[in-house]
Amino acid sequence: MSQEAQKSSVITIEHAPEYAGEVVTVRGWLYNLRESGKLLFPIFRDGTGVMQGVISLKEQPQAFEALKGLTQESSVIVTGMIQAEPRAPGGCEIHIQAVEVVQKVPESSPYPIQLKEHGVDFLLDQRHLWIRTPRQAAILRIRAEAIRAARNYMDAEGYTLTDAPVFTPAACEGTTTLFEVNYIDDQKAYLTQSGQLYVEATAAALGKVYTFGPTFRAEKSKTRRHLTEFWMLEPEAAFAHLADMMDLGEGLVSAIVQSVVKNRARELAALGRDVSKLEKIAAPFPRVTYDEAVKVLQTAGNPTKWGDDFGGDEETLLSKEFDKPVIIHRYPAAMKAFYMATDSERPELSLSFDMIAPEGFGEIIGGGERQSDYETLVRRIRESSLPEEAFQWYLDLRRYGSVPHAGFGLGLERTVAWICGTEHIREVIPFPRMLYRVYP
Ligand code: 4AD
Ligand code: MG
């Protein structure tokens with residue numbers, strides 16, 4: 001390396017355009033290499049973006065030899081001059097002066113993911129490598145931004161983060177999707193389906209709280225919207241009602257989307273996402289009752305009857321009616337969980353709501369007001385054939401200073417899949433867990 005090269009500052013590719021005319025160092029991997037006689041056109045990636053390089057044998061013989069024939073995904077430290085190049089991805093390219101190969105991928109065992117179409121099963125087997133491709137890296141950066149925005153919003157709204165446990169003694173969302181684990185000394189425990197019951201306790205302790213963490217469902221359904229392990233953000237507030245949570249949900253979702261639009265424009269562009277659709281996402285969102293939603297579906301020719309739950313098809317049909325997420329509230333109590341409060345004016349209805357994402361991405365939020373009456377809750381636990389002993393601590397919340405309270409759960413992957421416009425939610429979590437997949 002020349003003196004000049006050694007002194008250059010190390011930058012990341014996303015900031016490269018700011019260094020036009022300067023000699024800088026980039027550390028990353030060789031994504032692609034085009035050879036054209038005495039010229040080489042490598043493409044480097046460093047996790048923040050990709051950048052094209054150019055080098056000639058005549059001007060830089062040493063660096064040229066280091067790069068020539070270099071294998072895909074070899075790790076490199078590259079020094080060169082940044083030049084604006086409007087036609088290049090990212091708007092600039094690097095005129096290479098020096099190359100240090102950190103590790104050369106052996107020619108005998110080339111990188112398994114080539115720059116061509118691969119089947120998704122193959123890519124999922126190679127998920128630990130697949131995440132290196134620029135599209136996957138862009139998705140993961142958007143996911144991180146969504147989490148940051150969500151946490152910032154909740155914190156600014158005065159909610160305190162209180163984490164819920166992963167091992168739990170009983171079901172929260174029905175017994176059919178429980179993962180049972182052999183806990184110590186043959187005790188049975190279950191992986192949490194939702195942190196809700198625990199944030200109800202912390203809400204009575206701290207007022208306004210939320211939990212954010214992994215949740216688990218032994219979903220036997222193999223759809224593009226289901227994972228067996230997914231992340232949920234669950235706010236809960238004491239003295240809050242259904243309407244408060246619908247307001248909070250639309251504020252939260254608007255904040256997440258606008259933050260991604262503002263701070264991850266490059267990544268959205270890399271995904272080819274139609275940003276104009278996301279720019280429209282601002283509270284208030286349309287709200288319809290379950291009764292109205294059934295009518296909308298029937299008018300559209302869907303066979304849904306009052307009392308039926310909405311599946312993926314119905315959600316897609318409803319979302320097509322609006323260009324913002326739609327809130328559907330007051331579902332029949334019979335189809336909702338044991339903990340839901342009922343509408344005092346129409347006891348057959350629950351004080352529940354779901355938020356359905358636009359463009360057919362399905363339910364991103366489920367929540368509502370909780371049953372705060374001790375006697376009613378005990379009855380509901382019995383009717384749901386749940387083990388009463390395991391819920392004694394939860395019933396304590398109704399024995400000691402019970403108050404009206406409400407909350408919801410926002411599914412992170414569903415939300416990010418919608419923002420990214422990905423076909424399947426398996427792409428928006430680093431290592432997806434699905435019906436038939438726990439590797440890698
Ligand atoms: O509607 P759900 O089941 O609601 C609850 O778990 C409540 N206890 C939350 C609460 O009130 N604190 O799940 C909430 C959200 C859904 O709207 C969906 O976005 C997501 O979690 N979700 C899933 N995401 C991916 N894969 C799955 N298998 C999911 N199941 C639910
Ligand atoms: Mg739900």
# chains A, B, ... in the order shown; residues from 1 in each chain; ligands from 1
$ residues_near_ligand --ligand "ligand 1" --cutoff "7 Å" --atoms "only C-alpha atoms and all ligand atoms" --output "number ranges by chain"
A: 172-173, 193-196, 217, 219, 225-230, 232, 234-235, 354, 363-368, 407-414
$ residues_around --residues "Asp309 (chain A)" --least-positions-apart "6" --cutoff "9 Å" --atoms "only C-alpha atoms" --output "ChimeraX atom specification"
/A:331-332,335
$ closest_residue --among "A:Gly311, A:Pro347, A:Gly360, A:Pro404" --to "ligand 2" --atoms "only C-alpha atoms and all ligand atoms"
A:Gly311
$ atom_distance --atom1 "CA of Ile77 (chain A)" --atom2 "CA of Glu100 (chain A)"
5.0 Å
$ residues_around --residues "region 247-253 of chain A" --least-positions-apart "6" --cutoff "7 Å" --atoms "only C-alpha atoms" --output "PyMOL selection string"
chain A and resi 150+153+283-285
$ decode --residues "region 79-91 of chain A" --atoms "all heavy atoms" --output "JSON list (two decimals), in the first residue's frame"
[["chain", "number", "residue", "atom", "x", "y", "z"],
["A", 79, "THR", "N", -8.67, 0.52, -1.25],
["A", 79, "THR", "CA", -8.45, 1.96, -1.15],
["A", 79, "THR", "C", -8.48, 2.56, -2.55],
["A", 79, "THR", "O", -7.96, 1.95, -3.49],
["A", 79, "THR", "CB", -7.09, 2.24, -0.47],
["A", 79, "THR", "OG1", -7.16, 1.70, 0.85],
["A", 79, "THR", "CG2", -6.81, 3.74, -0.38],
["A", 80, "GLY", "N", -9.10, 3.73, -2.65],
["A", 80, "GLY", "CA", -9.17, 4.36, -3.96],
["A", 80, "GLY", "C", -9.87, 5.69, -3.88],
["A", 80, "GLY", "O", -10.33, 6.13, -2.82],
["A", 81, "MET", "N", -9.97, 6.31, -5.04],
["A", 81, "MET", "CA", -10.58, 7.64, -5.15],
["A", 81, "MET", "C", -12.06, 7.50, -5.51],
["A", 81, "MET", "O", -12.41, 6.82, -6.46],
["A", 81, "MET", "CB", -9.84, 8.41, -6.25],
["A", 81, "MET", "CG", -10.55, 9.63, -6.77],
["A", 81, "MET", "SD", -10.10, 11.09, -5.87],
["A", 81, "MET", "CE", -8.48, 11.39, -6.58],
["A", 82, "ILE", "N", -12.93, 8.15, -4.74],
["A", 82, "ILE", "CA", -14.37, 8.13, -5.04],
["A", 82, "ILE", "C", -14.66, 9.15, -6.14],
["A", 82, "ILE", "O", -14.20, 10.29, -6.08],
["A", 82, "ILE", "CB", -15.19, 8.50, -3.78],
["A", 82, "ILE", "CG1", -14.92, 7.52, -2.63],
["A", 82, "ILE", "CG2", -16.69, 8.56, -4.10],
["A", 82, "ILE", "CD1", -15.42, 6.12, -2.85],
["A", 83, "GLN", "N", -15.40, 8.69, -7.13],
["A", 83, "GLN", "CA", -15.82, 9.63, -8.19],
["A", 83, "GLN", "C", -17.32, 9.53, -8.41],
["A", 83, "GLN", "O", -17.86, 8.42, -8.45],
["A", 83, "GLN", "CB", -15.08, 9.30, -9.49],
["A", 83, "GLN", "CG", -13.82, 10.14, -9.60],
["A", 83, "GLN", "CD", -13.10, 9.98, -10.92],
["A", 83, "GLN", "OE1", -13.71, 9.61, -11.92],
["A", 83, "GLN", "NE2", -11.82, 10.26, -10.89],
["A", 84, "ALA", "N", -17.93, 10.69, -8.56],
["A", 84, "ALA", "CA", -19.37, 10.69, -8.83],
["A", 84, "ALA", "C", -19.61, 10.01, -10.17],
["A", 84, "ALA", "O", -18.85, 10.21, -11.12],
["A", 84, "ALA", "CB", -19.89, 12.12, -8.86],
["A", 85, "GLU", "N", -20.61, 9.16, -10.21],
["A", 85, "GLU", "CA", -20.95, 8.45, -11.44],
["A", 85, "GLU", "C", -22.45, 8.17, -11.42],
["A", 85, "GLU", "O", -22.90, 7.18, -10.86],
["A", 85, "GLU", "CB", -20.13, 7.15, -11.54],
["A", 85, "GLU", "CG", -20.49, 6.23, -12.70],
["A", 85, "GLU", "CD", -20.58, 6.94, -14.04],
["A", 85, "GLU", "OE1", -19.53, 7.34, -14.57],
["A", 85, "GLU", "OE2", -21.71, 7.10, -14.57],
["A", 86, "PRO", "N", -23.19, 9.09, -12.00],
["A", 86, "PRO", "CA", -24.66, 9.01, -11.88],
["A", 86, "PRO", "C", -25.24, 7.67, -12.36],
["A", 86, "PRO", "O", -26.28, 7.24, -11.86],
["A", 86, "PRO", "CB", -25.16, 10.15, -12.77],
["A", 86, "PRO", "CG", -23.98, 11.03, -13.01],
["A", 86, "PRO", "CD", -22.75, 10.22, -12.81],
["A", 87, "ARG", "N", -24.55, 7.00, -13.30],
["A", 87, "ARG", "CA", -25.13, 5.75, -13.81],
["A", 87, "ARG", "C", -24.87, 4.56, -12.90],
["A", 87, "ARG", "O", -25.49, 3.51, -13.04],
["A", 87, "ARG", "CB", -24.56, 5.46, -15.21],
["A", 87, "ARG", "CG", -25.14, 6.34, -16.31],
["A", 87, "ARG", "CD", -24.29, 6.26, -17.56],
["A", 87, "ARG", "NE", -22.90, 6.64, -17.26],
["A", 87, "ARG", "CZ", -21.89, 6.56, -18.11],
["A", 87, "ARG", "NH1", -22.08, 6.10, -19.32],
["A", 87, "ARG", "NH2", -20.66, 6.93, -17.77],
["A", 88, "ALA", "N", -23.91, 4.72, -11.96],
["A", 88, "ALA", "CA", -23.57, 3.59, -11.08],
["A", 88, "ALA", "C", -24.59, 3.47, -9.94],
["A", 88, "ALA", "O", -25.15, 4.48, -9.52],
["A", 88, "ALA", "CB", -22.18, 3.80, -10.51],
["A", 89, "PRO", "N", -24.80, 2.25, -9.45],
["A", 89, "PRO", "CA", -25.71, 2.11, -8.28],
["A", 89, "PRO", "C", -25.10, 2.89, -7.11],
["A", 89, "PRO", "O", -23.91, 2.79, -6.85],
["A", 89, "PRO", "CB", -25.71, 0.60, -8.01],
["A", 89, "PRO", "CG", -24.57, 0.02, -8.77],
["A", 89, "PRO", "CD", -24.23, 0.96, -9.88],
["A", 90, "GLY", "N", -25.90, 3.70, -6.44],
["A", 90, "GLY", "CA", -25.39, 4.50, -5.34],
["A", 90, "GLY", "C", -24.80, 5.83, -5.78],
["A", 90, "GLY", "O", -24.46, 6.66, -4.95],
["A", 91, "GLY", "N", -24.67, 6.03, -7.09],
["A", 91, "GLY", "CA", -24.27, 7.35, -7.59],
["A", 91, "GLY", "C", -22.79, 7.64, -7.62],
["A", 91, "GLY", "O", -22.38, 8.76, -7.93]]
